Amino acid sequence: MKPVMVVGGGISGIQAALDLADQGIKVYLVEKTPSIGGRMAQLDKTFPTLDCSSCILTPKMVEVARHENIEILAYSEVLEINGEAGNFKVKVRKKPRYVDVTKCTGCGVCMKYCPSKVPDEFNLGLSERKAIYIPFPQAIPLKATIDAEHCLWFQKNICRNCEKFCPAKAIDYEQKPEDIELNVAAIIFATGYELIADHSLLTDQYGYGRYANVYTNLEFERLVSATGPTGGEILRRSDGRKPKNIAFIQCVCSRDIRMNPNCSSICCMASVKEGILVREHHPDIEVTIFYMDLRAFGKGYQEFYDRAKEEFGIRFVRSKPATIVENPETKNLILYYEDTHASRYKAEEFEMVVLAVGVKPVVPDSFVPIGEDMFAQVKDPYLDPVASPKPGIYVIGMLNSPKDIPDSVIQGSAAAMKASILACKS
Amino acid sequence: MSDGDGFEPTIVVFACHWCTYQAINLAGTSRMKYPPNVRVIRVMCSGRVDPQFVIEAFKNGADGVLVAGCHPGDCHYVNGNMKTMRRTVMLEKLLQDMGIEKERFRREWISAAEAKKWVEVVTEMVEQVRKLGPLKLAEREVVMNE
Amino acid sequence: MSSEEVKVEGACPTDEVRIGVYVCHCGLNIAGVINVKEVVEYAQKLPNVVSAKEYIFMCSAPGQDLIREDIKKCKLNRVVIAACGPEMHEPTFRAVLEEAGLNPYVLEMVSIREGSSWVHYEDPEAATEKAKDMVRMAVARARNLEPLEKMSGEVKQRALIVGGGIAGLASALDLAERGFEVHIVEKKPVLGGHAARMGQLNVEGRKVSGKDLVDYLVKKVKDNPNVHIYTNAEVTKVDGSIGNFTITVKLKPRYVNDKCTSCGKCVEVCPVTAPNEYEYGIGERKAIFLPFEGAYPNQYVIDPETCTFCGKCVEVCPEGAINLDEKEKEITLEVGGIILATGHDPYEPPVGEYGYGLSPKVITLHQLKRLLSEDGPTKGELVIDGKRPRNIVFISCVGSLGTTPNANQYCSRMCCSASLLEALHIKEKYPDAQVFFVHKDVRTYGKDENLYWKAIDNLVKFVRFEESPKVTVGKGEVKVEVEESTIQERLVIPADLVVLVTGMEPPKEIEELRSLFKVGCGGDGFLKEAHLKLNPVESLTGGIYLAGTATGPKSIAESIVAGSAAAAKAASLLSKDTIEVEPIVAVVDEDKCSGCGICVSICPYGAISLEKKEDGTRVSKVDPMLCQGCGTCGAACPSAAIQQNSYKDKQIIPQILAVFER
């Protein structure tokens, strides 16, 4: 049985890796960031069960780390794929962490003494990390990484504090990229998604980036998270004060012919959940969700939406606000919208606005064919919905199409099944 | 759990792993609220609950005892809950003979999906037992056959 | 009996019990409500506790390290973790214990999160007190926990798939191609389920019929030597457990054997008619019938429920293929894993709901699909009451979102897309048709949004309601009255055809299924997954997996993916020779056992037997592979001789006493 490669260590890739490894098949799990976990690690709670996201993800991550059949290649990238289904030769680059992972204990002393501060991508820039860092407390592998672009030693030839203070003598500034070639039967791409946050619509229409108190949904997720920049307190960017009311605007850069006609599948329920989390901890904050259609389609979702309305008192307004104007003094935000259930134009002031920004896949270079809708093409949307048109290559999770966690997990398992058939034949 | 000098009862709950304990978890993940007067002991099946356990609980200070498991027909172990039913019917009589009011002992079927029922049952039971007042079985002059 | 009196036997090398207590903050989930520091300080004072610590995430690597180091440094021989419940992290922490050289079963987890901080968040003081009580109870129980050895059982490398619909077929094909023997048991006389009757489909531009998809899978499945197919068959008994199930299957008589050439002479003479369930009640079939053209097996069958056994078919059959005396048979299958692909029923509106059953002009979405199918009763022509309808009104969420008193609360997920697809078919076939889509919400999620765009382009008229519309059936006339919520106007739409967009329901046999297989159902009545988010194709019962619409509404494509996913879980099990099972089984203290046999009579698994000892006395013996660990024998034993591992009297009673600090 030949090994299988999984590219992307989010929940979909993790599930694929586990289901292959449990069948006795060797798996290389390639992750480009320093830790596996993906987007799910950044979420506070998950809908509709309100399970704490890291509480249910961590066991799977730990299982991956402990599994004898899984080799995690974190901080690594696929450079080249040659060969064919059943016999691929994949060149993978292990990027230098400048830390000897066999020695690093993940104690975090280096992070304490590093003087260089960098916007923390795990918190979407809402806080800072150091140039040497571990992305989050449950990271796997739990090893420090030096971000050379911001490291004073690499930029200015000074400091070397981490080396001085590392109790394990694990710092190695001489580390070079290491290219390895792996022979695998199949490759599963699970490269995930990012928000369509770069579109001018966000800035022009809704003032994101211009108005301090406008957030994306992922930023807000970090804001309500206990492990986030404010320790779970909801505080405005402008004045560090708790807002009296929050508006969520749905379908920003989704269901919009200008940049993305698809529905992003997750943002309605994510906002409902975030609204519930706000109301649960701060019953004094009023929550309004502006929506077009509320896509509560999954198991338990409608029931969750019903509870949001009835039990948690969240107000739902069917409308897509036209524009937001900031009050320059209070930094409050005035939303202009048409209430379609009253056929009236209204202006309403909110102290914080969260944009439910749509998703686009993170495309793995030229390794998989991409459709006009930005998502990876599939061989047959019915009979082979996780297979790329390229034999032996599978595309799952958000790369495949917009989807929630359960569907990403199911696709991970399904791709593992298909890849295991190939692995057993070769 | 103090509310001025009002009496707060302690209810011991025996919950089966597959149904009632899952409902208790679901009540947690759903952030439902219920009185903090219950102390839960998890067993794999309500059929494990020896009547002796219930008597021990009352004898040592419980103001109420709840035995809860899967609905009839849903038992993870075929019919363990039916055995619970038979045992608790006998137990009910014994407890009443001992002078323990019937509201103090309940048997309920609460499935894994019924977090709401769990909340309702314990809320109601705490309320009822609170009205009855402390049991103080040790102080009552009853002879118990162990 | 007090907790101190219970003697610990062979639990640790030294007699001294040394307990470590670890209280997790779980971020703010616990620490935001419960005063963790106070709980830790309290735990430190409990008897036998030699170390008590707190940490932000006990499950994280540093949290685990903290426990591992403590176990070694403090020579712990019991560990209590106050955090979440055992479901998620018991395996994590058991592994931690093992890595630190401890037996994994001397761990006790107590869920101060689900059991306290998450439910008593309005009263932090009470939550903290409760957490202390819970820790004290856990310590009392942990004191007498014993090391146990995992047991392993053989895995039969075969799978049973219950249900031969699209999800079951997908599971079967994957497992067979992976090299495992598969047995498909389908209760209907043919394979294909609902998908085979779903007419023209269109996802991402791929036009194909449901029947094409079924045909493709059926051909591959029946040509694969690893697959055994039993149609017209039902599982009647399930014995054993993960890795080793014994399944009894009833093969119902078909009354027609494979000499049948499908000539159809029998149908001509059969005097009995019944509504045709394969056309969702449109038209009729005979008591002897072929479910549909090109079905597998393509063989006639007699429905014993409607047949009068008059014998006319027997007389005319030229091949002598009919035998009315055929008896039902029973077979047993030995399998390691089970996939339940038991599907759904379409929601059937009661007569009168939106005029259903009162006029031929009111039909369900399923019936419309049959009418628009080329292999349907009208060969794809949309003809209602002898005429082609011009004004066609779809009413969404029939049987869903609580729109009527009889409706379910949940959203049926695929009906918006499925009905817009049919609306587009109608527009394509009959461009002059006026199509209204009367909806509560349009939920064409993901890429299906494309259908919504297309429907708008094709001038489907979208009418939104908050309050359920009214359908009035007059003399030959049907009207739909609806309060349009966007323009706030009451519309009256005369309809030549009203299509009730019906959702999915758990199948009628769901109750029998769940008691047969010992799987649970959720609040919506569908089968319940082990975890909604992260274990969506596993049941709570080991070795039983769930595929397709068994767990809730899904599209055909989603059902196929779920079929493959369930197959992956089964493959993980079947690729092993042995499976480790939890050792929480019953054990007998032969010195105490009087051989009365009460336990033998109440064991639901026949796992206990009486054995004669050399001295002629009898004692109970437990077969640990058959014992499932319910513990009911322990509750019944008059001499406390039979006890369940980890749930022994000496473990539970101290826990009860600890509630009252005794």
# chains A, B, ... in the order shown; residues from 1 in each chain; ligands from 1

call {"tool": "residues_around", "arguments": {"residues": "Ser30 of chain B", "least_positions_apart": "5", "cutoff": "12 Å", "atoms": "only C-alpha atoms", "output": "NGL selection string"}}
result
(:A and (45-52 or 273 or 276-277 or 280 or 300 or 303-304 or 307-308 or 311-312)) or (:B and (22-25 or 113-116 or 119)) or (:C and (113-115 or 117-119))

call {"tool": "write_last_selection", "arguments": {"atoms": "N, CA, C and O atoms", "output": "CSV table (one decimal), in the first residue's frame"}}
result
chain,number,residue,atom,x,y,z
A,45,LYS,N,-17.1,29.4,19.1
A,45,LYS,CA,-18.1,28.3,19.2
A,45,LYS,C,-18.5,27.9,17.9
A,45,LYS,O,-18.3,28.6,16.9
A,46,THR,N,-19.2,26.7,17.8
A,46,THR,CA,-19.7,26.3,16.5
A,46,THR,C,-21.2,26.2,16.6
A,46,THR,O,-21.8,25.9,17.6
A,47,PHE,N,-21.9,26.4,15.4
A,47,PHE,CA,-23.3,26.3,15.4
A,47,PHE,C,-23.7,24.9,14.9
A,47,PHE,O,-22.8,24.3,14.2
A,48,PRO,N,-24.8,24.3,15.2
A,48,PRO,CA,-25.9,24.9,16.1
A,48,PRO,C,-25.8,24.3,17.5
A,48,PRO,O,-26.7,24.5,18.3
A,49,THR,N,-24.7,23.6,17.9
A,49,THR,CA,-24.6,23.0,19.2
A,49,THR,C,-23.9,23.9,20.2
A,49,THR,O,-24.0,23.6,21.4
A,50,LEU,N,-23.3,25.0,19.7
A,50,LEU,CA,-22.6,25.9,20.6
A,50,LEU,C,-21.4,25.2,21.3
A,50,LEU,O,-21.0,25.6,22.4
A,51,ASP,N,-21.0,24.1,20.7
A,51,ASP,CA,-19.7,23.5,21.2
A,51,ASP,C,-18.6,24.5,21.1
A,51,ASP,O,-18.6,25.2,20.1
A,52,CYS,N,-17.7,24.5,22.1
A,52,CYS,CA,-16.6,25.3,21.9
A,52,CYS,C,-15.7,24.7,20.9
A,52,CYS,O,-15.4,23.5,20.9
A,273,LYS,N,-25.1,32.5,15.3
A,273,LYS,CA,-24.3,32.0,16.5
A,273,LYS,C,-23.7,33.2,17.2
A,273,LYS,O,-23.7,33.3,18.5
A,276,ILE,N,-26.0,35.0,19.2
A,276,ILE,CA,-26.4,34.3,20.5
A,276,ILE,C,-25.3,34.5,21.5
A,276,ILE,O,-25.6,34.7,22.7
A,277,LEU,N,-24.0,34.4,21.1
A,277,LEU,CA,-22.9,34.5,22.0
A,277,LEU,C,-22.9,35.9,22.7
A,277,LEU,O,-22.6,36.0,23.8
A,280,GLU,N,-25.8,36.0,25.1
A,280,GLU,CA,-25.6,35.1,26.2
A,280,GLU,C,-24.8,35.8,27.3
A,280,GLU,O,-25.1,35.8,28.5
A,300,GLY,N,-30.6,20.9,12.5
A,300,GLY,CA,-30.6,21.7,13.8
A,300,GLY,C,-30.5,23.2,13.5
A,300,GLY,O,-30.5,23.9,14.5
A,303,GLU,N,-33.9,25.2,14.0
A,303,GLU,CA,-34.2,25.3,15.4
A,303,GLU,C,-33.3,26.3,16.2
A,303,GLU,O,-33.8,27.0,17.1
A,304,PHE,N,-32.1,26.4,15.7
A,304,PHE,CA,-31.1,27.3,16.3
A,304,PHE,C,-31.6,28.8,16.0
A,304,PHE,O,-31.5,29.6,16.9
A,307,ARG,N,-34.5,29.7,18.1
A,307,ARG,CA,-34.1,30.1,19.4
A,307,ARG,C,-33.5,31.5,19.5
A,307,ARG,O,-33.7,32.2,20.4
A,308,ALA,N,-32.7,31.8,18.4
A,308,ALA,CA,-32.1,33.2,18.4
A,308,ALA,C,-33.2,34.2,18.5
A,308,ALA,O,-33.0,35.2,19.1
A,311,GLU,N,-35.7,33.0,22.1
A,311,GLU,CA,-35.1,32.9,23.4
A,311,GLU,C,-34.1,34.0,23.7
A,311,GLU,O,-34.0,34.5,24.8
A,312,PHE,N,-33.3,34.4,22.6
A,312,PHE,CA,-32.3,35.3,22.8
A,312,PHE,C,-32.6,36.7,22.3
A,312,PHE,O,-31.8,37.6,22.4
B,22,GLN,N,-26.5,12.4,28.2
B,22,GLN,CA,-26.3,13.1,27.0
B,22,GLN,C,-27.3,14.3,27.0
B,22,GLN,O,-26.9,15.4,26.5
B,23,ALA,N,-28.5,14.2,27.5
B,23,ALA,CA,-29.4,15.3,27.6
B,23,ALA,C,-28.9,16.3,28.5
B,23,ALA,O,-29.0,17.5,28.3
B,24,ILE,N,-28.2,15.9,29.6
B,24,ILE,CA,-27.6,16.9,30.6
B,24,ILE,C,-26.5,17.7,29.8
B,24,ILE,O,-26.4,18.9,30.0
B,25,ASN,N,-25.7,16.9,29.0
B,25,ASN,CA,-24.7,17.6,28.2
B,25,ASN,C,-25.3,18.6,27.3
B,25,ASN,O,-24.8,19.7,27.1
B,113,ALA,N,-32.0,13.6,23.2
B,113,ALA,CA,-32.4,14.9,22.6
B,113,ALA,C,-33.2,15.8,23.5
B,113,ALA,O,-33.5,16.9,23.2
B,114,GLU,N,-33.6,15.2,24.7
B,114,GLU,CA,-34.6,15.9,25.5
B,114,GLU,C,-33.9,16.8,26.6
B,114,GLU,O,-34.3,16.6,27.8
B,115,ALA,N,-33.1,17.7,26.2
B,115,ALA,CA,-32.4,18.6,27.2
B,115,ALA,C,-33.5,19.4,27.9
B,115,ALA,O,-33.5,19.6,29.1
B,116,LYS,N,-34.5,19.7,27.1
B,116,LYS,CA,-35.6,20.6,27.7
B,116,LYS,C,-36.4,19.8,28.8
B,116,LYS,O,-36.7,20.3,29.8
B,119,VAL,N,-34.4,19.7,32.0
B,119,VAL,CA,-34.5,21.0,32.7
B,119,VAL,C,-35.9,21.1,33.4
B,119,VAL,O,-35.9,21.5,34.5
C,113,ARG,N,-18.1,21.8,33.3
C,113,ARG,CA,-18.5,22.8,32.2
C,113,ARG,C,-20.0,22.6,31.9
C,113,ARG,O,-20.8,23.4,32.2
C,114,GLU,N,-20.3,21.4,31.3
C,114,GLU,CA,-21.7,21.1,30.9
C,114,GLU,C,-22.6,21.1,32.1
C,114,GLU,O,-23.7,21.4,32.1
C,115,GLY,N,-22.0,20.5,33.3
C,115,GLY,CA,-22.8,20.3,34.4
C,115,GLY,C,-22.9,21.5,35.4
C,115,GLY,O,-23.7,21.5,36.3
C,117,SER,N,-20.8,25.3,34.8
C,117,SER,CA,-20.6,26.7,34.4
C,117,SER,C,-21.5,27.1,33.2
C,117,SER,O,-22.0,28.2,33.2
C,118,TRP,N,-21.8,26.1,32.4
C,118,TRP,CA,-22.7,26.4,31.2
C,118,TRP,C,-24.2,26.6,31.6
C,118,TRP,O,-24.9,27.1,30.8
C,119,VAL,N,-24.6,26.0,32.7
C,119,VAL,CA,-26.0,26.0,33.1
C,119,VAL,C,-26.3,26.9,34.3
C,119,VAL,O,-27.4,27.3,34.5

call {"tool": "interface_residues", "arguments": {"of": "chain C", "to": "chain A", "cutoff": "6 Å", "atoms": "only C-alpha atoms", "output": "list in words"}}
result
Gly27, Leu28, Ser60, Arg178, Tyr410, Cys411, Arg413, Asp441, Val442, Arg443, Tyr445, Gly446, Lys447, Glu449, Ser485, Thr486, Lys533, Ala557, Val561, Ser564, Ala565, Ala568, Ser572 and Ser575 of chain C

call {"tool": "write_last_selection", "arguments": {"atoms": "N, CA and C atoms", "output": "CSV table (one decimal), in the first residue's frame"}}
result
chain,number,residue,atom,x,y,z
C,27,GLY,N,-10.6,28.1,28.6
C,27,GLY,CA,-10.7,29.5,28.2
C,27,GLY,C,-11.6,30.2,29.3
C,28,LEU,N,-12.7,30.8,28.9
C,28,LEU,CA,-13.6,31.4,29.8
C,28,LEU,C,-14.8,30.5,30.0
C,60,SER,N,-4.7,21.0,25.9
C,60,SER,CA,-3.6,21.5,25.0
C,60,SER,C,-2.3,20.7,25.4
C,178,ARG,N,-12.7,-1.5,-2.4
C,178,ARG,CA,-11.6,-1.5,-1.4
C,178,ARG,C,-11.2,-2.9,-1.0
C,410,TYR,N,-38.2,21.5,11.4
C,410,TYR,CA,-36.9,21.7,10.7
C,410,TYR,C,-37.0,22.1,9.3
C,411,CYS,N,-35.9,22.6,8.7
C,411,CYS,CA,-35.8,22.9,7.3
C,411,CYS,C,-35.4,21.7,6.6
C,413,ARG,N,-33.9,21.3,3.8
C,413,ARG,CA,-32.6,21.5,3.1
C,413,ARG,C,-32.6,21.5,1.6
C,441,ASP,N,-38.8,31.5,2.6
C,441,ASP,CA,-37.4,31.9,2.6
C,441,ASP,C,-36.8,31.1,1.4
C,442,VAL,N,-35.9,31.6,0.6
C,442,VAL,CA,-35.3,30.8,-0.4
C,442,VAL,C,-33.9,30.4,0.1
C,443,ARG,N,-33.7,29.1,0.2
C,443,ARG,CA,-32.5,28.6,0.8
C,443,ARG,C,-31.7,27.7,-0.2
C,445,TYR,N,-28.6,27.2,-0.9
C,445,TYR,CA,-27.2,27.5,-0.4
C,445,TYR,C,-26.1,27.1,-1.3
C,446,GLY,N,-24.9,27.7,-1.1
C,446,GLY,CA,-23.7,27.3,-1.8
C,446,GLY,C,-23.9,27.6,-3.3
C,447,LYS,N,-23.4,26.6,-4.1
C,447,LYS,CA,-23.5,26.8,-5.6
C,447,LYS,C,-24.9,26.7,-6.1
C,449,GLU,N,-27.2,28.5,-5.5
C,449,GLU,CA,-27.6,29.9,-5.6
C,449,GLU,C,-27.8,30.2,-7.1
C,485,SER,N,-45.2,39.5,1.7
C,485,SER,CA,-44.6,40.3,2.8
C,485,SER,C,-43.7,41.4,2.3
C,486,THR,N,-43.2,41.4,1.1
C,486,THR,CA,-42.3,42.4,0.6
C,486,THR,C,-43.1,43.7,0.2
C,533,LYS,N,-21.2,17.8,14.5
C,533,LYS,CA,-20.2,18.4,13.6
C,533,LYS,C,-19.1,17.5,13.2
C,557,ALA,N,-26.5,14.3,-4.4
C,557,ALA,CA,-25.0,14.4,-4.4
C,557,ALA,C,-24.5,14.3,-2.9
C,561,VAL,N,-21.9,11.4,-1.2
C,561,VAL,CA,-20.7,11.7,-0.4
C,561,VAL,C,-20.8,11.1,1.0
C,564,SER,N,-20.0,7.4,0.8
C,564,SER,CA,-18.5,7.2,0.8
C,564,SER,C,-17.9,7.4,2.1
C,565,ALA,N,-18.4,8.5,2.8
C,565,ALA,CA,-17.8,8.8,4.1
C,565,ALA,C,-18.1,7.7,5.1
C,568,ALA,N,-15.8,4.9,4.5
C,568,ALA,CA,-14.5,5.1,5.1
C,568,ALA,C,-14.4,4.6,6.5
C,572,SER,N,-12.2,1.6,8.0
C,572,SER,CA,-11.2,1.7,9.1
C,572,SER,C,-11.3,0.5,10.0
C,575,SER,N,-10.5,-3.0,8.2
C,575,SER,CA,-9.1,-3.3,7.8
C,575,SER,C,-8.2,-3.8,9.0

call {"tool": "interface_residues", "arguments": {"of": "chain C", "to": "chain B", "cutoff": "8 Å", "atoms": "only C-alpha atoms", "output": "NGL selection string"}}
result
:C and (85 or 113-116 or 118-120 or 125-127 or 129-130 or 133-134 or 514-515 or 518-523 or 604 or 628-636 or 647 or 652-653 or 655-657 or 659-660 or 662)

call {"tool": "select_by_dssp", "arguments": {"residues": "segment 84-134 of chain B", "states": "strand (DSSP E or B)", "output": "ChimeraX atom specification"}}
result
/B:105-109

call {"tool": "write_last_selection", "arguments": {"atoms": "all heavy atoms", "output": "mmCIF file, in the first residue's frame"}}
result
data_model
loop_
_atom_site.group_PDB
_atom_site.id
_atom_site.type_symbol
_atom_site.label_atom_id
_atom_site.label_comp_id
_atom_site.auth_asym_id
_atom_site.auth_seq_id
_atom_site.Cartn_x
_atom_site.Cartn_y
_atom_site.Cartn_z
ATOM 1 N N PHE B 105 -38.996 10.852 45.285
ATOM 2 C CA PHE B 105 -38.329 9.854 44.444
ATOM 3 C C PHE B 105 -39.008 9.800 43.087
ATOM 4 O O PHE B 105 -40.217 9.608 42.975
ATOM 5 C CB PHE B 105 -38.360 8.467 45.096
ATOM 6 C CG PHE B 105 -37.766 7.413 44.192
ATOM 7 C CD1 PHE B 105 -36.398 7.371 43.968
ATOM 8 C CD2 PHE B 105 -38.579 6.510 43.522
ATOM 9 C CE1 PHE B 105 -35.855 6.436 43.119
ATOM 10 C CE2 PHE B 105 -38.043 5.573 42.662
ATOM 11 C CZ PHE B 105 -36.672 5.528 42.455
ATOM 12 N N ARG B 106 -38.234 10.016 42.040
ATOM 13 C CA ARG B 106 -38.811 9.984 40.700
ATOM 14 C C ARG B 106 -37.999 9.112 39.770
ATOM 15 O O ARG B 106 -36.780 8.974 39.907
ATOM 16 C CB ARG B 106 -38.868 11.406 40.124
ATOM 17 C CG ARG B 106 -40.153 12.103 40.444
ATOM 18 C CD ARG B 106 -40.122 13.529 40.037
ATOM 19 N NE ARG B 106 -40.532 13.716 38.645
ATOM 20 C CZ ARG B 106 -41.033 14.873 38.197
ATOM 21 N NH1 ARG B 106 -41.175 15.901 39.009
ATOM 22 N NH2 ARG B 106 -41.374 15.007 36.944
ATOM 23 N N ARG B 107 -38.727 8.558 38.821
ATOM 24 C CA ARG B 107 -38.080 7.810 37.746
ATOM 25 C C ARG B 107 -38.552 8.484 36.457
ATOM 26 O O ARG B 107 -39.744 8.740 36.285
ATOM 27 C CB ARG B 107 -38.554 6.364 37.793
ATOM 28 C CG ARG B 107 -38.111 5.518 36.621
ATOM 29 C CD ARG B 107 -38.892 4.229 36.593
ATOM 30 N NE ARG B 107 -40.306 4.486 36.405
ATOM 31 C CZ ARG B 107 -41.255 4.091 37.235
ATOM 32 N NH1 ARG B 107 -40.973 3.420 38.308
ATOM 33 N NH2 ARG B 107 -42.520 4.379 36.995
ATOM 34 N N GLU B 108 -37.615 8.855 35.604
ATOM 35 C CA GLU B 108 -38.001 9.564 34.381
ATOM 36 C C GLU B 108 -37.257 8.985 33.185
ATOM 37 O O GLU B 108 -36.105 8.559 33.299
ATOM 38 C CB GLU B 108 -37.652 11.065 34.489
ATOM 39 C CG GLU B 108 -38.504 11.825 35.470
ATOM 40 C CD GLU B 108 -39.936 12.069 34.988
ATOM 41 O OE1 GLU B 108 -40.207 11.904 33.763
ATOM 42 O OE2 GLU B 108 -40.783 12.417 35.829
ATOM 43 N N TRP B 109 -37.914 9.013 32.047
ATOM 44 C CA TRP B 109 -37.232 8.622 30.808
ATOM 45 C C TRP B 109 -36.888 9.907 30.045
ATOM 46 O O TRP B 109 -37.772 10.643 29.637
ATOM 47 C CB TRP B 109 -38.120 7.734 29.933
ATOM 48 C CG TRP B 109 -38.751 6.565 30.652
ATOM 49 C CD1 TRP B 109 -40.056 6.195 30.598
ATOM 50 C CD2 TRP B 109 -38.114 5.589 31.491
ATOM 51 N NE1 TRP B 109 -40.269 5.075 31.365
ATOM 52 C CE2 TRP B 109 -39.096 4.686 31.919
ATOM 53 C CE3 TRP B 109 -36.807 5.397 31.935
ATOM 54 C CZ2 TRP B 109 -38.824 3.610 32.757
ATOM 55 C CZ3 TRP B 109 -36.525 4.326 32.778
ATOM 56 C CH2 TRP B 109 -37.524 3.439 33.175
#

call {"tool": "atom_distance", "arguments": {"atom1": "atom CA of Cys270 of chain C", "atom2": "atom CA of Glu315 of chain C"}}
result
10.8 Å

call {"tool": "closest_residue", "arguments": {"among": "A:Phe290, A:Ile36, A:Ser426, A:Arg279", "to": "chain B", "atoms": "only C-alpha atoms"}}
result
A:Arg279

call {"tool": "atom_distance", "arguments": {"atom1": "atom CA of Glu334 of chain C", "atom2": "atom CA of Ala547 of chain C"}}
result
20.7 Å

call {"tool": "closest_residue", "arguments": {"among": "C:Gly163, C:Lys188, C:Thr502, C:Tyr296", "to": "Lys219 of chain C", "atoms": "only C-alpha atoms"}}
result
C:Tyr296

call {"tool": "atom_distance", "arguments": {"atom1": "atom CA of Glu661 of chain C", "atom2": "atom CA of Ala140 of chain C"}}
result
9.7 Å

call {"tool": "residues_around", "arguments": {"residues": "Lys346 of chain A", "least_positions_apart": "2", "cutoff": "9 Å", "atoms": "only C-alpha atoms", "output": "PyMOL selection string"}}
result
chain A and resi 335-339+344+348

call {"tool": "residues_around", "arguments": {"residues": "Lys169 of chain A", "least_positions_apart": "5", "cutoff": "10 Å", "atoms": "only C-alpha atoms", "output": "ChimeraX atom specification"}}
result
/A:99-100,103-104,162-164

call {"tool": "write_last_selection", "arguments": {"atoms": "C-alpha atoms", "output": "CSV table (one decimal), in the first residue's frame"}}
result
chain,number,residue,atom,x,y,z
A,99,VAL,CA,14.1,26.4,15.3
A,100,ASP,CA,15.3,22.8,15.7
A,103,LYS,CA,14.8,20.3,20.6
A,104,CYS,CA,12.1,22.9,21.0
A,162,CYS,CA,15.7,34.0,21.4
A,163,GLU,CA,19.0,32.1,21.1
A,164,LYS,CA,20.2,33.6,24.4

call {"tool": "closest_atom_pairs", "arguments": {"of": "segment 122-148 of chain A", "to": "segment 218-224 of chain A", "cutoff": "8 Å", "atoms": "only C-alpha atoms", "output": "tab-separated table"}}
result
residue	atom	partner	partner_atom	distance
A:Asn123	CA	A:Arg222	CA	5.8
A:Leu124	CA	A:Glu219	CA	6.0
A:Leu126	CA	A:Glu219	CA	7.4

call {"tool": "write_last_selection", "arguments": {"atoms": "C-alpha atoms", "output": "PDB file, in the first residue's frame"}}
result
ATOM      1  CA  ASN A 123      -6.271  37.046  15.662  1.00  0.00           C
ATOM      2  CA  LEU A 124      -6.621  38.621  12.216  1.00  0.00           C
ATOM      3  CA  LEU A 126      -6.472  42.473  16.202  1.00  0.00           C
TER       4      LEU A 126
END

call {"tool": "residues_around", "arguments": {"residues": "Asn260 of chain A", "least_positions_apart": "5", "cutoff": "10 Å", "atoms": "only C-alpha atoms", "output": "PyMOL selection string"}}
result
chain A and resi 196+251-255+358-360+373-374

call {"tool": "closest_residue", "arguments": {"among": "C:Lys327, C:Lys613, C:Arg68, C:Lys440", "to": "Glu467 of chain C", "atoms": "only C-alpha atoms"}}
result
C:Lys440

call {"tool": "residues_around", "arguments": {"residues": "segment 537-545 of chain C", "least_positions_apart": "5", "cutoff": "6 Å", "atoms": "only C-alpha atoms", "output": "number ranges by chain"}}
result
C: 242, 337-339, 529-530, 566

call {"tool": "write_last_selection", "arguments": {"atoms": "N, CA, C and O atoms", "output": "compact mmCIF listing (two decimals), in the first residue's frame"}}
result
# COMPACT_ATOMS: atom_id res chain seq x y z
N ILE C 242 -19.60 -4.42 17.92
CA ILE C 242 -18.59 -3.95 16.97
C ILE C 242 -17.57 -5.04 16.62
O ILE C 242 -17.03 -5.69 17.48
N GLY C 337 -19.06 -4.73 10.56
CA GLY C 337 -19.60 -3.38 10.65
C GLY C 337 -20.90 -3.24 9.90
O GLY C 337 -21.21 -4.05 9.02
N ILE C 338 -21.68 -2.22 10.27
CA ILE C 338 -23.00 -2.02 9.68
C ILE C 338 -23.13 -0.57 9.22
O ILE C 338 -22.77 0.36 9.96
N ILE C 339 -23.63 -0.38 8.01
CA ILE C 339 -23.96 0.98 7.57
C ILE C 339 -25.48 1.06 7.41
O ILE C 339 -26.08 0.27 6.69
N GLU C 529 -26.28 11.30 15.02
CA GLU C 529 -24.86 11.08 14.83
C GLU C 529 -24.14 11.09 16.18
O GLU C 529 -24.62 11.69 17.12
N ALA C 530 -22.92 10.49 16.18
CA ALA C 530 -22.12 10.50 17.41
C ALA C 530 -21.80 11.94 17.79
O ALA C 530 -21.80 12.29 18.96
N ALA C 566 -19.31 7.15 5.14
CA ALA C 566 -19.65 6.05 6.04
C ALA C 566 -18.82 4.82 5.69
O ALA C 566 -18.36 4.07 6.56
